[in-house]
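Taking it in order: structure first as C-alpha cells, then the write-up.
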Amino acid sequence: MKSHVASDTFRFSIVVKDRPPTRRGILSIVSSVYDPLGFVAPFVLQAKILLQDLCRKNFGWDDQIPEKELMRWTSWLEALPKLEQFSLERCLKQSDCAGIVSCQLHHFSDASEVAYGAVSYLRLVDSQGNIRCSFLMGKSRLAPLKPLTIPRMELSAAVLSTRLDAMMRQELDIAIHNSFFWTDSTCVLRYLANDDRRYKIFVANRVAAIREQSSPSQWKYVNTKLNPADDASRGLSADAIIEDNRWIMGPDFLWMDEEVWPHDSIATSDPGEIADEEVKATFATDAVQAPARSIDLEELFKTFSSWMKLKRFVTWILRFKKNLRDLTARGMEKERSASKRKIQPINVEELRQAEKAIIEVVQSKAFKEELLSLKGPPKELKRSSSIVRLDPILVDDIICVGGRLQKSSIRARAKHPAILPKNHHISDLIVRHHHQISGHPGIEHTLSLVRESYWIIKARITLRRVLASCFDCRKRQAPVGQQKMASLPEDRVNPSELPFSRVGVDCFGPLNVRRGRSVVKRYGVLFTCLSIHIVVAHTLDTNSFINALRRFIARRGQPIQMRSDNGGNFV
C-alpha cells in the first residue's frame with residue numbers, strides 16, 4: 001500500500017516474487033502485502049486460511065504442498081496483481097463539505113468457523129444534511145486451531161470492535177460524537193444485556209472487556225446480509241474488492257437517515273434465554289453449626305521438628321492476639337490506619353514470651369496437681385510426685401527448681417531452671433536444639449547446656465535417645481570402611497614351578513652412571529618373582545629391552561609367563 005500524491009488516493013504496488021510453493025514461500029509472499037489498515041483484509045484472509053490448513057495437516061516449512069492446496073494457492077497468486085487497480089480516497093471529508101454537525105464511528109463485527117473480523121467506518125453529516133461514509137480500518141483474524149463455538153467467536157469479534165473504537169478515538173483529530181457497534185449475533189447482545197447471570201471464564205472476561213470500552217445501549221443488531229464484517233470472516237476475491245462494494249463503501253443504510261436504520265427488538269428481549277453451556281452452575285448452600293471443638297496444643301506442637309520454628313510460630317499467634325485486643329480497646333474506627341502499619345520483625349522479648357507460653361502449656365498437663373498445690377495455700381507436695389526432690393517453686397507461673405542458690409550471682413534462669421517432663425516432644429526439641437547449635441557434642445556437654453535454662457527429669461535417658469537418632473552424629477562416628485583384597489592370580493600361587501618361571505617386568509630410571517670421565521644415563525629393567533632380579537638397559541628403546549631380556553634368560557632361564565604394567569600378559 002502506498003499514497004498516490006497526484007490523485008490523493010491509497011493504492012497498492014504489487015511485485016510478486018518467485019517463491020517455492022511451500023509453507024515458507026507462501027508466508028513470504030503473503031507477508032509482503034503491506035496493508036496496515038486492512039483495505040484488502042478479506043482477500044489476504046484466503047491465503048491465511050490456506051496456511052492454517054497446511055499447518056493443521058502438519059506439513060513442514062519446506063515440504064511440497066498437495067495438488068488440491070496448490071491449485072488454491074495458484075489461483076490466489078494469479079489474482080494478487082489485480083490489487084494494483086484498487087484505489088481509495090485518502091481524505092475522509094469532501095472538499096465542498098459545510099460545517100460538520102454529526103461525526104459517528106460505526107463498527108461491525110462478525111465470525112465464522114474459520115475466521116472472525118471487524119471493520120470501522122466514519123459517518124459524517126454536514127449542516128446541509130449531506131452524508132458521507134468513509135472506510136477507516138478492517139481487521140481479519142483466523143480462528144484458533146482449537147475449535148471454538150460460533151458464539152465465542154462472535155464474542156471475540158465484538159472485543160475486536162471495541163479495540164478498534166479505542167484506537168480510532170485516540171488517532172483521529174476529529175471530535176467523535178458517538179460510537180455504534182453492530183453485530184448479527186443475538187448471543188452477544190444477550191450476553192451484554194444480562195446483569196444477573198454468571199458466565200464461564202472465557203465469556204465473562206470478554207464481556208467485561210467489552211463493557212469497559214462501551215455500554216450495552218451502543219450495541220445494535222444488523223442482519224447478516226447487511227453486515228460488511230461478514231466479508232472479513234469469509235473472505236472476498238480481488239475482483240469483488242476492486243469494484244464498489246459494502247466492504248469499502250459501508251452498508252447502504254449508513255448513507256441514509258437514522259430513521260431507516262435497522263431496528264430490532266432482539267437486544268431488549270429476555271436476557272435469561274442464554275445457552276446453558278456458557279452459564280456457571282449455581283449451587284445451594286446450607287449453614288450448619290458445628291459443635292465447638294477445642295484445639296489440642298500438644299498435638300499441634302508435635303507437628304514441629306525445630307524448637308526455633310515452634311517459638312516463631314507461637315510468637316506470631318501471640319502478636320495477632322495482642323493486635324486484636326489493641327483494636328478492640330482503641331475502637332474499630334482506627335482499624336484502617338492500623339492495617340497500613342508496616343509489619344515489624346520478631347524481637348527477642350517476643351520470643352521469650354512465646355517460650356514461656358509453650359512451657360506453661362506443657363506443665364499444665366504434665367504437672368497439673370503440682371501446679372494446684374503451688375498456686376494454692378502453702379502445703380507439701382505428695383511424696384509420689386516426680387519433682388518432689390527438686391524442691392519446686394513457682395516463678396512467674398512456671399514451675400522451677402528450688403534449691404539453695406537464691407543468693408548466687410549467676411543469672412536467674414540458671415539458678416532456677418524450668419522443670420520439663422521426660423519423654424515429651426518439647427523436651428526432645430530443646431535437647432536437639434542445644435545439640436545442634438553447639439556442634440554435635442557428647443551427652444555431658446549437651447546436658448550442661450540444657451541445664452542452663454531447663455531441668456529435664458531423667459535428662460540423660462532423653463539425651464541418649466535423642467543423640468542416638470542424630471543423623472550427623474551417626475555419620476561422623478561411623479566406623480571406617482575396610483576394603484577386602486581380591487584373590488591372587490593363578491600365576492602367583494603355583495608352588496610347583498621353578499623360581500622366575502612366571503615373572504613381572506618393569507623399567508625404572510634414568511640413573512646417572514659414570515663411564516670413564518663422562519656421566520651417562522642408564523635405566524633398570526626389573527624382573528620380579530619372590531625375589532627381585534635387576535638387569536641394566538642402556539636406553540628405553542626396543543633393542544635395549546630385548547638385550548636385557550636375553551641376559552635375564554641366560555641367567556635365570558626362560559620364563560613360562562611374563563607380566564608388564566603396559567602390555568598385560570605376554571609370553
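Every chain in the C-alpha cells has a letter given in the order shown (A, B, ...), and although residue numbers restart at 1 in each chain, ligands are simply numbered from 1 in the order shown.
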
Test item, helix (DSSP H, G or I) assignment across range 62-165 of chain A, answer as a PyMOL selection string: chain A and resi 67-85+150-165

Contacts of range 153-163 of chain A at 7 Å (only C-alpha atoms; same-chain gap of 3+ positions) as a list in words: His107, Phe108, Ser109, Asp110, Ala111, Tyr116, Gly117, Ala118, Leu148, Thr149, Ile150, Ala166, Met167, Ser185, Val188, Arg206, Ala209, Ile210 and Gln213 of chain A

Counting only C-alpha atoms, the option among A:Val203, A:Cys187, A:Ile343, A:Leu145 closest to Tyr221 in chain A: A:Cys187

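If you measure from each of A:Arg141, A:Lys321, A:Arg72, A:Arg389 to Ile457 in chain A using only C-alpha atoms, the closest one turns out to be A:Arg389.
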
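Straight-line separation from CA of Thr446 in chain A to CA of Leu463 in chain A: 8.0 Å.
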
Need the shell around Val44 in chain A: protein/DNA/RNA residues with any atom at most 10 Å away, counting only C-alpha atoms. Skip same-chain ones fewer than 4 positions apart. Format as an mmCIF file with N, CA and C atoms, in the first residue's frame?
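Full text of selection02.cif as output:
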data_model
loop_
_atom_site.group_PDB
_atom_site.id
_atom_site.type_symbol
_atom_site.label_atom_id
_atom_site.label_comp_id
_atom_site.auth_asym_id
_atom_site.auth_seq_id
_atom_site.Cartn_x
_atom_site.Cartn_y
_atom_site.Cartn_z
ATOM 1 N N VAL A 30 2.665 -13.709 1.270
ATOM 2 C CA VAL A 30 1.525 -13.113 1.970
ATOM 3 C C VAL A 30 1.995 -11.958 2.857
ATOM 4 N N SER A 31 3.138 -12.122 3.503
ATOM 5 C CA SER A 31 3.638 -11.071 4.388
ATOM 6 C C SER A 31 4.134 -9.855 3.601
ATOM 7 N N VAL A 33 2.561 -8.331 1.305
ATOM 8 C CA VAL A 33 1.438 -7.431 1.002
ATOM 9 C C VAL A 33 1.290 -6.472 2.175
ATOM 10 N N ASP A 35 -0.432 -3.944 4.156
ATOM 11 C CA ASP A 35 -1.799 -3.439 4.261
ATOM 12 C C ASP A 35 -2.122 -3.195 5.735
ATOM 13 N N GLY A 38 -5.914 -2.669 6.560
ATOM 14 C CA GLY A 38 -6.848 -3.749 6.253
ATOM 15 C C GLY A 38 -7.766 -3.461 5.086
ATOM 16 N N PHE A 39 -7.299 -2.699 4.070
ATOM 17 C CA PHE A 39 -8.141 -2.428 2.903
ATOM 18 C C PHE A 39 -8.511 -3.720 2.180
ATOM 19 N N VAL A 40 -7.555 -4.629 2.044
ATOM 20 C CA VAL A 40 -7.788 -5.883 1.307
ATOM 21 C C VAL A 40 -7.699 -7.074 2.261
ATOM 22 N N LYS A 48 -4.308 -16.793 4.258
ATOM 23 C CA LYS A 48 -4.076 -17.170 5.648
ATOM 24 C C LYS A 48 -4.784 -18.478 6.000
ATOM 25 N N ILE A 49 -5.987 -18.660 5.461
ATOM 26 C CA ILE A 49 -6.725 -19.910 5.700
ATOM 27 C C ILE A 49 -5.967 -21.082 5.094
ATOM 28 N N TRP A 76 -4.973 -17.881 -6.075
ATOM 29 C CA TRP A 76 -4.816 -16.642 -5.280
ATOM 30 C C TRP A 76 -3.644 -15.816 -5.796
ATOM 31 N N LEU A 80 -3.455 -11.825 -7.301
ATOM 32 C CA LEU A 80 -2.766 -10.824 -6.489
ATOM 33 C C LEU A 80 -2.419 -9.553 -7.271
ATOM 34 N N SER A 140 -9.009 -8.801 10.197
ATOM 35 C CA SER A 140 -9.472 -10.162 9.950
ATOM 36 C C SER A 140 -8.492 -11.121 10.597
ATOM 37 N N ALA A 232 -15.072 -9.976 6.168
ATOM 38 C CA ALA A 232 -13.822 -10.171 6.906
ATOM 39 C C ALA A 232 -13.720 -11.561 7.511
ATOM 40 N N GLY A 235 -14.036 -13.884 3.607
ATOM 41 C CA GLY A 235 -13.120 -13.571 2.531
ATOM 42 C C GLY A 235 -13.814 -13.059 1.284
ATOM 43 N N LEU A 236 -13.038 -12.344 0.436
ATOM 44 C CA LEU A 236 -13.517 -11.813 -0.840
ATOM 45 C C LEU A 236 -12.448 -12.030 -1.894
ATOM 46 N N SER A 237 -12.882 -12.095 -3.127
ATOM 47 C CA SER A 237 -11.942 -12.185 -4.237
ATOM 48 C C SER A 237 -11.395 -10.798 -4.555
ATOM 49 N N ALA A 238 -10.326 -10.765 -5.344
ATOM 50 C CA ALA A 238 -9.717 -9.486 -5.719
ATOM 51 C C ALA A 238 -10.680 -8.648 -6.559
#
